[in-house]
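Let me begin by presenting the structure, written as structure tokens, before commenting on it.
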Amino acid sequence: MEYQNYCEIAVNTRTRYTDKLYTYHIPNNLLGKIKVGSKVIVPFGVGNKLLEGFTLRLISNTNLKKVKDIKCLVEEDICLTEKQIELCKWMRDTYLCTYYEAINCLIPTGTTLKKKKLYSLKNENFKENSSFENLSERQIEILNLLKEKKEFSHNKLIKTLNFDCKNDIKHLVSKNFISIKEQFYNDVTIKYKKVVRLNFNKSDFNNVISNISNKAYKQIEILKYLLNVGEIELKELLSELNTYRSVVNSLVKKGLVVIEDKKDFRSPIDVRNLKKEKPNPLNNEQKSVYENILSTLVREKYKPFLIHGVTGSGKTEIYMQLVDHVLKMKKQAIILVPEISLTPQIASKFVRRFKENVAILHSKLSLGERFDQWKKIKNNEIPIVIGARSAVFAPCDNLGLIIIDEEHESSYKSEISPKYHTVEIAKYRCKEDNAVLVLGTATPSVESYYKSIKGEYELLELKKRFNKNSMPKIDIVDMRRELAEGNKSIFSRKLYDSIKENLSNRKQTILFLNRRGHSTFISCRSCGYVLKCPNCDISLTYHQKNNLAKCHYCGFKSSVPKICPDCTSKYIKYFGSGTEKVEEYVKKLFPSAKTQRLDVDTTSRKGHLEKIIKAFENREADILIGTQMVTKGLDFPYVTLVGVLSADITLNLPDYRANERTFQLLTQVAGRAGRHEFKGKVIIQTYSPDNFAITSSQNHDYLNFFNNELSLRKEFLYPPFYELTNIIIYGEEEKAVINSANSLFAKLKQAVDKEKNNAILLGPNPAIFNKIKGNYRWQIVIKYQGVDRKNIKGIINYICNINRDKIIESNVNLSIDINPYNIF
């Protein structure tokens, strides 16, 4: 068989300047082994530094005169399929990212190879007294340590010695005392478990038993048990039979059983004690939606659907019955949720229905759990994948269906490169695999609903709740009037009375405030000084639990000053309210009520999120206080009251989506009330009671909101009528950032004017958040119509990527966001 001798490789150089495919020669020992998608190690650059890469194309010959050999093939089954490679290329063109940024989306987190330096003695038989002349005590200590332990990594050596030995190592290497070698590794560990099995044929069982003394009844019991179960994990055997390791060891010595190490599959879900649930009957509305999608599913043709269903209309049951049919077709399905906080609830519903056929993928899992889930999906051993945004890249080679629940959510847009939109990736994958795409929500994004009107999506509606319950009654409270009438509390009188009544009726309440922490800023009442983050142009938030002021952008923490750093006044005061303060206030007003808080601060540790949701589900708390984590998808039968403490937080953001975000949040959080047999009530507190986003949510009127918002978007040239690209110019030196922003704008304007298209350039201006993580930020926004998309992207790529170093200063960086969700 004739093999191709060369290949084109995307090398992990970690820089945009080398983002292209490099040609390498395949040495004889690797011919036939290296395939498209293989992970390899290659020498790169003048110094032939060894780097990881992926083979994206095999070729027979090349015109290049000097071509380096591939160093080695990484012998593992993390390789890219041809479909994944095409997806990488599409992402690179669509989002102007690098090859490797796209590749990293497709491979398990933690499997990218890293390098570490290993030190060892060159000659272990050196004579200490004579060889140690002219060496420092620290250098002698290093040599003695290496003589004792043979080999040390750089980090382990520093940790053991408790001092920085970089210069000492350099000296010892130059004097030929020690040698250095580089070793590749990744962050994922393979977990093993000890399993026990019989070490003889089952047909010989009676003979074996007859040769064992009756006094060794525990040994006989183990052998009989193994005869029935075959193979079992050692710790499970000891637990089941209430026996000891020494008994098993005796059988091992006799050669009757074998204990082996076997790879252990780590799973975040335990299905052993779950009772399998049957499908629920669909009502007429649900059945109509289900049958409409099913007719396309069975034909195995690509088609996107938008399910616009009110909160509590039973979308999840439709999803599950569609997935059930996908399984009957021997295909795979991906179900996406916007927040990790939603994964436990929706996953538990799917697991109870489909048991071990469900895999979970999200960033809160350990690297090992994610890797094992990824492998099972890749091997087609698990047909259903549930997860947050990144699960859209699950390695399903036999895809039949992708469902995106709460499709309107901003979390479906990646904030790091590649800045992809999950819906766009799902569309691409479904088109390639002739799969069906289902978008579901009670509050469609303006762009999605507009596409359904234009016929790009098929619109399916669920106008009633599945149990025929009425939608919750929503009352708007004008907080200006409350203040004028002497109520300075964060609770209106109506909300206070409603909470009190709800508690007496033994029902549950959700209080929503989209701001975490205790107080939003700390200020001096004498001079007006505000405590700000030294790395960001943002005020610090006070967190009472730790008595710290924290930055929610870079993580900076500081103690709260007792006197003003500017005027030395003692009048330091905390202003504004976050979820922490609300919780404190609720406990004072309702001391007998049990409260829980659901925000980033209370769910940072693994498992805490699930505990809080489970406890509230089990009615171990009366009031749940939270940020937007409480607004989506959660289903609690006894929640009959929802209080929105401030509807104005999102409404007053300097963002063209402010009205849309407000309507969506209010509608979604209102939908948590009265979902089951008890009627629901919602109280929205606001200083803008006449805003159409608020009045539309009060009346459960999406169309009124949509028509008002669409007219504004058309007037001011925003999506869906125009597309946007946001270019952020950032760096630690403000002057360099400003100069680079002006130079970049001039080049872009010159190129756009030359092409004579209808693009509009805005800027350069300081970004709304002018400084984050020590970087000053300026921005350029480009508006353009769909017909000019290819042309504008070509201009941006040529100027901002290919010729970047000719336009912006070396200490300045760029971030390009195609169709950003926000332009902060």
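In the structure tokens, each chain is lettered A, B, ... as it comes, each chain's residues begin at 1, and ligands are numbered from 1 in order of appearance.
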
Find the spatial neighbours of Val392 of chain A, counting only C-alpha atoms, within a cut-off of 7 Å - ignore same-chain residues fewer than 2 positions away - and output them as an mmCIF file with N, CA, C and O atoms, in the first residue's frame.
```cif
data_model
loop_
_atom_site.group_PDB
_atom_site.id
_atom_site.type_symbol
_atom_site.label_atom_id
_atom_site.label_comp_id
_atom_site.auth_asym_id
_atom_site.auth_seq_id
_atom_site.Cartn_x
_atom_site.Cartn_y
_atom_site.Cartn_z
ATOM 1 N N ILE A 334 -28.128 15.879 21.650
ATOM 2 C CA ILE A 334 -27.489 16.833 22.560
ATOM 3 C C ILE A 334 -28.560 17.782 23.079
ATOM 4 O O ILE A 334 -29.315 18.361 22.291
ATOM 5 N N ARG A 389 -23.046 25.377 27.487
ATOM 6 C CA ARG A 389 -22.614 25.812 26.155
ATOM 7 C C ARG A 389 -21.621 24.882 25.457
ATOM 8 O O ARG A 389 -21.805 24.487 24.296
ATOM 9 N N SER A 390 -20.557 24.487 26.147
ATOM 10 C CA SER A 390 -19.484 23.724 25.501
ATOM 11 C C SER A 390 -19.919 22.326 25.064
ATOM 12 O O SER A 390 -19.248 21.697 24.245
ATOM 13 N N ALA A 394 -19.815 18.191 21.762
ATOM 14 C CA ALA A 394 -19.710 16.778 22.162
ATOM 15 C C ALA A 394 -19.432 15.913 20.933
ATOM 16 O O ALA A 394 -20.019 16.122 19.866
ATOM 17 N N THR A 422 -23.521 29.510 20.400
ATOM 18 C CA THR A 422 -23.885 28.095 20.446
ATOM 19 C C THR A 422 -24.929 27.747 19.390
ATOM 20 O O THR A 422 -24.859 26.673 18.775
ATOM 21 N N ALA A 426 -24.567 24.875 16.574
ATOM 22 C CA ALA A 426 -25.582 23.820 16.485
ATOM 23 C C ALA A 426 -26.174 23.760 15.081
ATOM 24 O O ALA A 426 -26.386 22.665 14.536
#
```

**OP:** May I have the residues within 12 Å of segment 346-356 of chain A as a PyMOL selection string, using only C-alpha atoms and disregarding those fewer than 6 positions away in the same chain?
**Re:** chain A and resi 267-280+315-325+327+333-340+362+373+376+381-388+405+610+613-614+632-635

Atoms kept (N, CA and C atoms) for selection, written as a short mmCIF file (atom, residue, chain, number, x, y, z; two decimals), in the first residue's frame:
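Saved to result.cif:
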```cif
data_model
loop_
_atom_site.label_atom_id
_atom_site.label_comp_id
_atom_site.auth_asym_id
_atom_site.auth_seq_id
_atom_site.Cartn_x
_atom_site.Cartn_y
_atom_site.Cartn_z
N SER A 267 -18.24 8.94 36.67
CA SER A 267 -19.51 9.52 36.22
C SER A 267 -20.04 10.47 37.29
N PRO A 268 -20.54 11.65 36.87
CA PRO A 268 -21.10 12.59 37.84
C PRO A 268 -22.50 12.21 38.30
N ILE A 269 -23.08 11.19 37.69
CA ILE A 269 -24.45 10.79 38.07
C ILE A 269 -24.48 9.33 38.49
N ASP A 270 -25.28 9.04 39.49
CA ASP A 270 -25.45 7.68 39.99
C ASP A 270 -26.87 7.23 39.68
N VAL A 271 -26.99 6.23 38.82
CA VAL A 271 -28.33 5.80 38.37
C VAL A 271 -28.82 4.56 39.12
N ARG A 272 -27.98 4.04 40.02
CA ARG A 272 -28.31 2.74 40.62
C ARG A 272 -29.61 2.74 41.42
N ASN A 273 -29.87 3.80 42.18
CA ASN A 273 -31.04 3.81 43.06
C ASN A 273 -32.22 4.59 42.49
N LEU A 274 -32.10 5.00 41.21
CA LEU A 274 -33.19 5.77 40.61
C LEU A 274 -34.22 4.86 39.97
N LYS A 275 -35.47 5.16 40.25
CA LYS A 275 -36.56 4.40 39.66
C LYS A 275 -36.88 4.99 38.29
N LYS A 276 -36.96 4.12 37.28
CA LYS A 276 -37.21 4.60 35.92
C LYS A 276 -38.63 5.13 35.80
N GLU A 277 -38.74 6.33 35.19
CA GLU A 277 -40.05 6.95 35.03
C GLU A 277 -40.57 6.76 33.62
N LYS A 278 -41.87 6.67 33.49
CA LYS A 278 -42.50 6.52 32.18
C LYS A 278 -42.86 7.89 31.62
N PRO A 279 -43.01 7.98 30.29
CA PRO A 279 -43.39 9.26 29.69
C PRO A 279 -44.76 9.72 30.17
N ASN A 280 -44.92 11.02 30.29
CA ASN A 280 -46.22 11.60 30.65
C ASN A 280 -47.04 11.83 29.38
N LYS A 315 -42.40 22.06 27.85
CA LYS A 315 -41.41 21.89 26.77
C LYS A 315 -40.48 20.71 27.05
N THR A 316 -40.10 20.53 28.33
CA THR A 316 -39.15 19.45 28.68
C THR A 316 -39.71 18.07 28.34
N GLU A 317 -41.00 17.87 28.56
CA GLU A 317 -41.61 16.57 28.21
C GLU A 317 -41.55 16.33 26.70
N ILE A 318 -41.76 17.37 25.92
CA ILE A 318 -41.63 17.24 24.46
C ILE A 318 -40.20 16.87 24.10
N TYR A 319 -39.23 17.55 24.74
CA TYR A 319 -37.83 17.24 24.48
C TYR A 319 -37.56 15.75 24.74
N MET A 320 -38.02 15.26 25.88
CA MET A 320 -37.72 13.88 26.27
C MET A 320 -38.35 12.87 25.31
N GLN A 321 -39.55 13.16 24.84
CA GLN A 321 -40.19 12.22 23.92
C GLN A 321 -39.53 12.26 22.54
N LEU A 322 -39.02 13.42 22.15
CA LEU A 322 -38.25 13.50 20.89
C LEU A 322 -36.94 12.72 21.02
N VAL A 323 -36.28 12.86 22.17
CA VAL A 323 -35.03 12.14 22.41
C VAL A 323 -35.28 10.63 22.43
N ASP A 324 -36.39 10.22 23.00
CA ASP A 324 -36.75 8.80 23.02
C ASP A 324 -36.83 8.24 21.60
N HIS A 325 -37.40 9.03 20.70
CA HIS A 325 -37.49 8.57 19.30
C HIS A 325 -36.11 8.55 18.64
N LEU A 327 -33.35 7.79 20.10
CA LEU A 327 -32.72 6.54 20.57
C LEU A 327 -33.22 5.35 19.76
N ALA A 333 -28.32 12.43 20.71
CA ALA A 333 -28.97 13.73 20.90
C ALA A 333 -28.17 14.57 21.89
N ILE A 334 -28.13 15.88 21.65
CA ILE A 334 -27.49 16.83 22.56
C ILE A 334 -28.56 17.78 23.08
N ILE A 335 -28.64 17.93 24.40
CA ILE A 335 -29.58 18.86 25.03
C ILE A 335 -28.77 19.91 25.78
N LEU A 336 -28.96 21.17 25.41
CA LEU A 336 -28.17 22.25 26.00
C LEU A 336 -29.02 23.12 26.90
N VAL A 337 -28.44 23.49 28.04
CA VAL A 337 -29.08 24.42 28.97
C VAL A 337 -28.12 25.60 29.17
N PRO A 338 -28.67 26.79 29.45
CA PRO A 338 -27.80 27.98 29.48
C PRO A 338 -26.90 28.08 30.69
N GLU A 339 -27.30 27.49 31.80
CA GLU A 339 -26.53 27.63 33.04
C GLU A 339 -26.23 26.26 33.63
N ILE A 340 -25.06 26.14 34.25
CA ILE A 340 -24.72 24.91 34.96
C ILE A 340 -25.74 24.66 36.07
N HIS A 362 -20.10 19.64 31.59
CA HIS A 362 -20.02 21.07 31.91
C HIS A 362 -18.76 21.33 32.72
N GLN A 373 -16.56 11.07 30.45
CA GLN A 373 -17.84 11.26 29.76
C GLN A 373 -17.60 11.46 28.26
N LYS A 376 -16.84 8.14 26.49
CA LYS A 376 -18.05 7.30 26.32
C LYS A 376 -18.91 7.83 25.17
N GLU A 381 -21.11 5.00 23.23
CA GLU A 381 -21.63 4.16 24.32
C GLU A 381 -22.75 4.87 25.07
N ILE A 382 -22.80 6.21 24.97
CA ILE A 382 -23.86 6.98 25.61
C ILE A 382 -24.50 7.86 24.53
N PRO A 383 -25.81 7.71 24.29
CA PRO A 383 -26.44 8.43 23.17
C PRO A 383 -26.99 9.82 23.51
N ILE A 384 -27.13 10.15 24.81
CA ILE A 384 -27.73 11.43 25.19
C ILE A 384 -26.71 12.27 25.94
N VAL A 385 -26.51 13.50 25.49
CA VAL A 385 -25.57 14.42 26.13
C VAL A 385 -26.34 15.63 26.64
N ILE A 386 -26.15 15.95 27.93
CA ILE A 386 -26.77 17.14 28.52
C ILE A 386 -25.66 18.02 29.07
N GLY A 387 -25.74 19.30 28.79
CA GLY A 387 -24.70 20.18 29.32
C GLY A 387 -24.93 21.63 28.97
N ALA A 388 -24.00 22.45 29.42
CA ALA A 388 -24.04 23.88 29.12
C ALA A 388 -23.39 24.12 27.76
N ASP A 405 -32.35 24.66 25.02
CA ASP A 405 -33.39 25.18 25.90
C ASP A 405 -33.03 26.60 26.34
N GLU A 610 -26.11 21.77 43.72
CA GLU A 610 -27.09 20.68 43.79
C GLU A 610 -27.74 20.61 45.17
N ILE A 613 -30.37 23.49 45.59
CA ILE A 613 -31.58 23.22 44.80
C ILE A 613 -32.37 22.07 45.39
N LYS A 614 -31.68 21.01 45.80
CA LYS A 614 -32.35 19.83 46.36
C LYS A 614 -33.03 20.18 47.68
N LYS A 632 -34.20 30.76 35.68
CA LYS A 632 -34.29 29.90 34.50
C LYS A 632 -34.56 28.45 34.85
N GLY A 633 -35.60 27.93 34.30
CA GLY A 633 -35.80 26.48 34.24
C GLY A 633 -36.07 25.75 35.53
N LEU A 634 -35.87 26.39 36.68
CA LEU A 634 -36.08 25.68 37.94
C LEU A 634 -37.58 25.47 38.19
N ASP A 635 -37.90 24.32 38.73
CA ASP A 635 -39.30 23.92 38.87
C ASP A 635 -39.56 23.46 40.31
#
```

When you look at segment 552-561 of chain A with a cut-off of 12 Å (counting only C-alpha atoms), what residues show up, excluding the ones that are within fewer than 5 positions of it in the same chain? I need them as a PDB file with N, CA and C atoms, in the first residue's frame.
```pdb
ATOM      1  N   ARG A 515     -27.825  41.021  41.568  1.00  0.00           N
ATOM      2  CA  ARG A 515     -26.603  41.660  42.059  1.00  0.00           C
ATOM      3  C   ARG A 515     -26.155  40.907  43.306  1.00  0.00           C
ATOM      4  N   ARG A 516     -24.975  40.324  43.266  1.00  0.00           N
ATOM      5  CA  ARG A 516     -24.509  39.556  44.417  1.00  0.00           C
ATOM      6  C   ARG A 516     -23.674  40.439  45.351  1.00  0.00           C
ATOM      7  N   GLY A 517     -23.303  39.863  46.495  1.00  0.00           N
ATOM      8  CA  GLY A 517     -22.570  40.625  47.499  1.00  0.00           C
ATOM      9  C   GLY A 517     -23.526  41.274  48.496  1.00  0.00           C
ATOM     10  N   THR A 520     -23.230  47.326  47.043  1.00  0.00           N
ATOM     11  CA  THR A 520     -22.661  47.473  45.701  1.00  0.00           C
ATOM     12  C   THR A 520     -21.435  48.376  45.644  1.00  0.00           C
ATOM     13  N   PHE A 521     -21.329  49.309  46.597  1.00  0.00           N
ATOM     14  CA  PHE A 521     -20.086  50.089  46.654  1.00  0.00           C
ATOM     15  C   PHE A 521     -19.896  50.673  48.047  1.00  0.00           C
ATOM     16  N   ILE A 522     -18.648  51.088  48.308  1.00  0.00           N
ATOM     17  CA  ILE A 522     -18.266  51.639  49.614  1.00  0.00           C
ATOM     18  C   ILE A 522     -17.764  53.053  49.379  1.00  0.00           C
ATOM     19  N   SER A 523     -18.343  54.003  50.126  1.00  0.00           N
ATOM     20  CA  SER A 523     -18.022  55.406  49.846  1.00  0.00           C
ATOM     21  C   SER A 523     -17.825  56.197  51.137  1.00  0.00           C
ATOM     22  N   CYS A 524     -17.066  57.269  51.017  1.00  0.00           N
ATOM     23  CA  CYS A 524     -16.859  58.196  52.136  1.00  0.00           C
ATOM     24  C   CYS A 524     -17.938  59.278  52.074  1.00  0.00           C
ATOM     25  N   TYR A 529     -15.368  59.932  48.166  1.00  0.00           N
ATOM     26  CA  TYR A 529     -14.427  58.932  47.638  1.00  0.00           C
ATOM     27  C   TYR A 529     -15.108  57.556  47.572  1.00  0.00           C
ATOM     28  N   VAL A 530     -14.920  56.846  46.446  1.00  0.00           N
ATOM     29  CA  VAL A 530     -15.465  55.495  46.265  1.00  0.00           C
ATOM     30  C   VAL A 530     -14.308  54.513  46.155  1.00  0.00           C
ATOM     31  N   LEU A 531     -14.383  53.441  46.933  1.00  0.00           N
ATOM     32  CA  LEU A 531     -13.331  52.419  46.928  1.00  0.00           C
ATOM     33  C   LEU A 531     -13.384  51.647  45.616  1.00  0.00           C
ATOM     34  N   LYS A 532     -12.306  51.752  44.826  1.00  0.00           N
ATOM     35  CA  LYS A 532     -12.283  51.115  43.506  1.00  0.00           C
ATOM     36  C   LYS A 532     -11.193  50.054  43.419  1.00  0.00           C
ATOM     37  N   CYS A 533     -11.368  49.156  42.442  1.00  0.00           N
ATOM     38  CA  CYS A 533     -10.355  48.123  42.181  1.00  0.00           C
ATOM     39  C   CYS A 533      -9.133  48.780  41.536  1.00  0.00           C
ATOM     40  N   PRO A 534      -7.914  48.473  42.003  1.00  0.00           N
ATOM     41  CA  PRO A 534      -6.722  49.072  41.396  1.00  0.00           C
ATOM     42  C   PRO A 534      -6.455  48.543  39.985  1.00  0.00           C
ATOM     43  N   ASN A 535      -7.063  47.408  39.653  1.00  0.00           N
ATOM     44  CA  ASN A 535      -6.839  46.811  38.324  1.00  0.00           C
ATOM     45  C   ASN A 535      -7.940  47.152  37.325  1.00  0.00           C
ATOM     46  N   CYS A 536      -9.100  47.564  37.840  1.00  0.00           N
ATOM     47  CA  CYS A 536     -10.261  47.819  36.987  1.00  0.00           C
ATOM     48  C   CYS A 536     -10.868  49.172  37.330  1.00  0.00           C
ATOM     49  N   ASP A 537     -11.512  49.780  36.369  1.00  0.00           N
ATOM     50  CA  ASP A 537     -12.166  51.071  36.596  1.00  0.00           C
ATOM     51  C   ASP A 537     -13.585  50.823  37.130  1.00  0.00           C
ATOM     52  N   ILE A 538     -13.668  50.046  38.214  1.00  0.00           N
ATOM     53  CA  ILE A 538     -14.956  49.590  38.731  1.00  0.00           C
ATOM     54  C   ILE A 538     -14.916  49.620  40.263  1.00  0.00           C
ATOM     55  N   SER A 539     -16.041  50.007  40.870  1.00  0.00           N
ATOM     56  CA  SER A 539     -16.095  50.048  42.334  1.00  0.00           C
ATOM     57  C   SER A 539     -16.099  48.637  42.906  1.00  0.00           C
ATOM     58  N   LEU A 540     -15.526  48.492  44.101  1.00  0.00           N
ATOM     59  CA  LEU A 540     -15.487  47.200  44.777  1.00  0.00           C
ATOM     60  C   LEU A 540     -16.819  46.932  45.478  1.00  0.00           C
ATOM     61  N   THR A 541     -17.212  45.660  45.482  1.00  0.00           N
ATOM     62  CA  THR A 541     -18.456  45.242  46.138  1.00  0.00           C
ATOM     63  C   THR A 541     -18.122  44.703  47.527  1.00  0.00           C
ATOM     64  N   TYR A 542     -18.913  45.126  48.514  1.00  0.00           N
ATOM     65  CA  TYR A 542     -18.671  44.661  49.880  1.00  0.00           C
ATOM     66  C   TYR A 542     -19.344  43.315  50.108  1.00  0.00           C
ATOM     67  N   HIS A 543     -18.558  42.341  50.635  1.00  0.00           N
ATOM     68  CA  HIS A 543     -19.068  41.014  50.998  1.00  0.00           C
ATOM     69  C   HIS A 543     -18.928  40.868  52.510  1.00  0.00           C
ATOM     70  N   GLN A 544     -20.066  40.867  53.189  1.00  0.00           N
ATOM     71  CA  GLN A 544     -20.068  40.906  54.652  1.00  0.00           C
ATOM     72  C   GLN A 544     -19.520  39.619  55.273  1.00  0.00           C
ATOM     73  N   ASN A 546     -17.102  37.630  54.545  1.00  0.00           N
ATOM     74  CA  ASN A 546     -15.643  37.638  54.716  1.00  0.00           C
ATOM     75  C   ASN A 546     -15.117  38.997  55.161  1.00  0.00           C
ATOM     76  N   ASN A 547     -16.041  39.971  55.273  1.00  0.00           N
ATOM     77  CA  ASN A 547     -15.664  41.351  55.581  1.00  0.00           C
ATOM     78  C   ASN A 547     -14.594  41.859  54.619  1.00  0.00           C
ATOM     79  N   ASP A 566      -8.660  58.970  51.251  1.00  0.00           N
ATOM     80  CA  ASP A 566      -8.478  60.257  50.578  1.00  0.00           C
ATOM     81  C   ASP A 566      -8.489  61.437  51.556  1.00  0.00           C
ATOM     82  N   THR A 568      -9.183  60.949  55.185  1.00  0.00           N
ATOM     83  CA  THR A 568      -9.003  60.393  56.539  1.00  0.00           C
ATOM     84  C   THR A 568     -10.255  60.506  57.422  1.00  0.00           C
ATOM     85  N   SER A 569     -11.404  60.749  56.811  1.00  0.00           N
ATOM     86  CA  SER A 569     -12.653  60.791  57.571  1.00  0.00           C
ATOM     87  C   SER A 569     -13.033  59.383  58.026  1.00  0.00           C
ATOM     88  N   LYS A 570     -13.749  59.318  59.150  1.00  0.00           N
ATOM     89  CA  LYS A 570     -14.210  58.019  59.660  1.00  0.00           C
ATOM     90  C   LYS A 570     -15.580  57.623  59.099  1.00  0.00           C
ATOM     91  N   TYR A 571     -16.168  58.492  58.298  1.00  0.00           N
ATOM     92  CA  TYR A 571     -17.542  58.254  57.840  1.00  0.00           C
ATOM     93  C   TYR A 571     -17.574  57.411  56.556  1.00  0.00           C
ATOM     94  N   ILE A 572     -17.179  56.150  56.706  1.00  0.00           N
ATOM     95  CA  ILE A 572     -17.222  55.195  55.604  1.00  0.00           C
ATOM     96  C   ILE A 572     -18.579  54.483  55.654  1.00  0.00           C
ATOM     97  N   LYS A 573     -19.281  54.461  54.524  1.00  0.00           N
ATOM     98  CA  LYS A 573     -20.607  53.851  54.515  1.00  0.00           C
ATOM     99  C   LYS A 573     -20.763  52.914  53.322  1.00  0.00           C
ATOM    100  N   TYR A 574     -21.613  51.891  53.530  1.00  0.00           N
ATOM    101  CA  TYR A 574     -21.915  50.915  52.475  1.00  0.00           C
ATOM    102  C   TYR A 574     -23.219  51.309  51.784  1.00  0.00           C
ATOM    103  N   VAL A 600     -23.279  33.056  42.786  1.00  0.00           N
ATOM    104  CA  VAL A 600     -21.925  32.541  42.532  1.00  0.00           C
ATOM    105  C   VAL A 600     -21.176  32.283  43.842  1.00  0.00           C
ATOM    106  N   ASP A 601     -21.405  33.124  44.846  1.00  0.00           N
ATOM    107  CA  ASP A 601     -20.672  32.988  46.115  1.00  0.00           C
ATOM    108  C   ASP A 601     -21.058  31.728  46.877  1.00  0.00           C
ATOM    109  N   PHE A 769     -16.608  49.851  30.178  1.00  0.00           N
ATOM    110  CA  PHE A 769     -15.714  49.499  31.281  1.00  0.00           C
ATOM    111  C   PHE A 769     -14.305  49.781  30.780  1.00  0.00           C
ATOM    112  N   LYS A 771     -11.364  50.112  32.063  1.00  0.00           N
ATOM    113  CA  LYS A 771     -10.176  49.401  32.535  1.00  0.00           C
ATOM    114  C   LYS A 771     -10.612  48.129  33.263  1.00  0.00           C
ATOM    115  N   ILE A 772     -10.094  46.977  32.820  1.00  0.00           N
ATOM    116  CA  ILE A 772     -10.388  45.692  33.454  1.00  0.00           C
ATOM    117  C   ILE A 772      -9.100  44.883  33.532  1.00  0.00           C
ATOM    118  N   LYS A 773      -8.849  44.318  34.705  1.00  0.00           N
ATOM    119  CA  LYS A 773      -7.675  43.467  34.934  1.00  0.00           C
ATOM    120  C   LYS A 773      -6.376  44.159  34.531  1.00  0.00           C
ATOM    121  N   GLY A 774      -6.294  45.434  34.844  1.00  0.00           N
ATOM    122  CA  GLY A 774      -5.059  46.172  34.583  1.00  0.00           C
ATOM    123  C   GLY A 774      -4.902  46.656  33.152  1.00  0.00           C
ATOM    124  N   ASN A 775      -5.876  46.390  32.299  1.00  0.00           N
ATOM    125  CA  ASN A 775      -5.799  46.779  30.895  1.00  0.00           C
ATOM    126  C   ASN A 775      -6.762  47.921  30.581  1.00  0.00           C
TER     127      ASN A 775
END
```

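Within segment 208-354 of chain A, residues classed as strand (DSSP E) by DSSP on backbone coordinates are A:Glu231, A:Ile232, A:Glu233, A:Val257, A:Val258, A:Ile259, A:Glu260, A:Asp261, A:Lys262, A:Lys263, A:Lys303, A:Pro304, A:Phe305, A:Leu306, A:Ile307, A:His308, A:Gly309, A:Gln332, A:Ala333, A:Ile334, A:Ile335, A:Leu336.
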
Subject >> Nearby residues (only C-alpha atoms) at most 7 Å from segment 168-185 of chain A, same-chain spacing under 2 positions excluded, as a ChimeraX atom specification >> reply: /A:113-122,139,165-166,187

**OP:** Give me the residues within 12 Å of Ile158 of chain A as an MDAnalysis selection string, counting only C-alpha atoms and dropping any in the same chain fewer than 3 places off.
**Re:** chainID A and resid 119 138 141:142 145 152:155 161:169

Subject >> Selection: 12 Å around segment 789-796 of chain A, only C-alpha atoms, excl. self and same-chain fewer than 4 positions, as a ChimeraX atom specification >> reply: /A:92-97,722-727,744-745,747-761,780-785,800-804,814-819

Original post:
Looking only at the backbone, which of the residues in segment 671-750 of chain A does DSSP tag as helix (DSSP H, G or I), as JSON, numbers by chain?
Top reply: {"A": [692, 693, 694, 695, 696, 697, 698, 702, 703, 704, 705, 706, 707, 708, 709, 710, 711, 712, 713, 714, 715, 734, 735, 736, 737, 738, 739, 740, 741, 742, 743, 744, 745, 746, 747, 748, 749, 750]}

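With only C-alpha atoms taken into account, the protein and nucleic acid residues at most 12 Å from Asn618 of chain A (excluding it and anything under 5 positions from it in its own chain) are Gln508, Lys611, Ile612, Ile613, Asp635, Phe636, Pro637, Tyr638 and Val639 of chain A.
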
Atoms to include: C-alpha atoms. Write the selected residues as a compact mmCIF listing (two decimals), in the first residue's frame.
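Okay, part08.txt is ready:
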```txt
# COMPACT_ATOMS: atom_id res chain seq x y z
CA GLN A 508 -42.32 29.02 49.25
CA LYS A 611 -27.45 20.77 47.59
CA ILE A 612 -29.17 24.16 47.59
CA ILE A 613 -31.58 23.22 44.80
CA ASP A 635 -39.30 23.92 38.87
CA PHE A 636 -40.51 24.02 42.49
CA PRO A 637 -44.14 22.92 43.09
CA TYR A 638 -44.64 24.98 46.28
CA VAL A 639 -43.31 28.31 44.98
```

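Closest to Ser445 of chain A among A:Thr98, A:Thr55, A:Thr662, A:Asn742 is A:Thr662, based on only C-alpha atoms.
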
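You will find atom CA of Val248 of chain A at 20.7 Å from atom CA of Lys263 of chain A.
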
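The nearest approach to Ser592 of chain A among the residues A:Leu503, A:Leu256, A:Ala670, A:Ala549, with only C-alpha atoms taken into account, belongs to A:Leu503.
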
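The space between atom CA of Trp90 of chain A and atom CA of Glu424 of chain A spans 10.9 Å.
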
Subject >> atom CA of Lys507 of chain A to atom CA of Gly486 of chain A, straight-line distance in Å >> reply: 29.5 Å

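The shortest atom-to-atom distance to Lys287 of chain A, with only C-alpha atoms taken into account, belongs to A:Gly314 out of A:Pro766, A:Gly255, A:Gly47, A:Gly314.
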
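Using only C-alpha atoms, the shortest contact distance between Leu106 of chain A and any of A:Lys83, A:Lys488, A:Lys431, A:Lys49 is found at A:Lys83.
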
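Closest approach to Phe305 of chain A among A:Gly578, A:Gly626, A:Gly455, A:Gly53 is made by A:Gly455 (distances from only C-alpha atoms).
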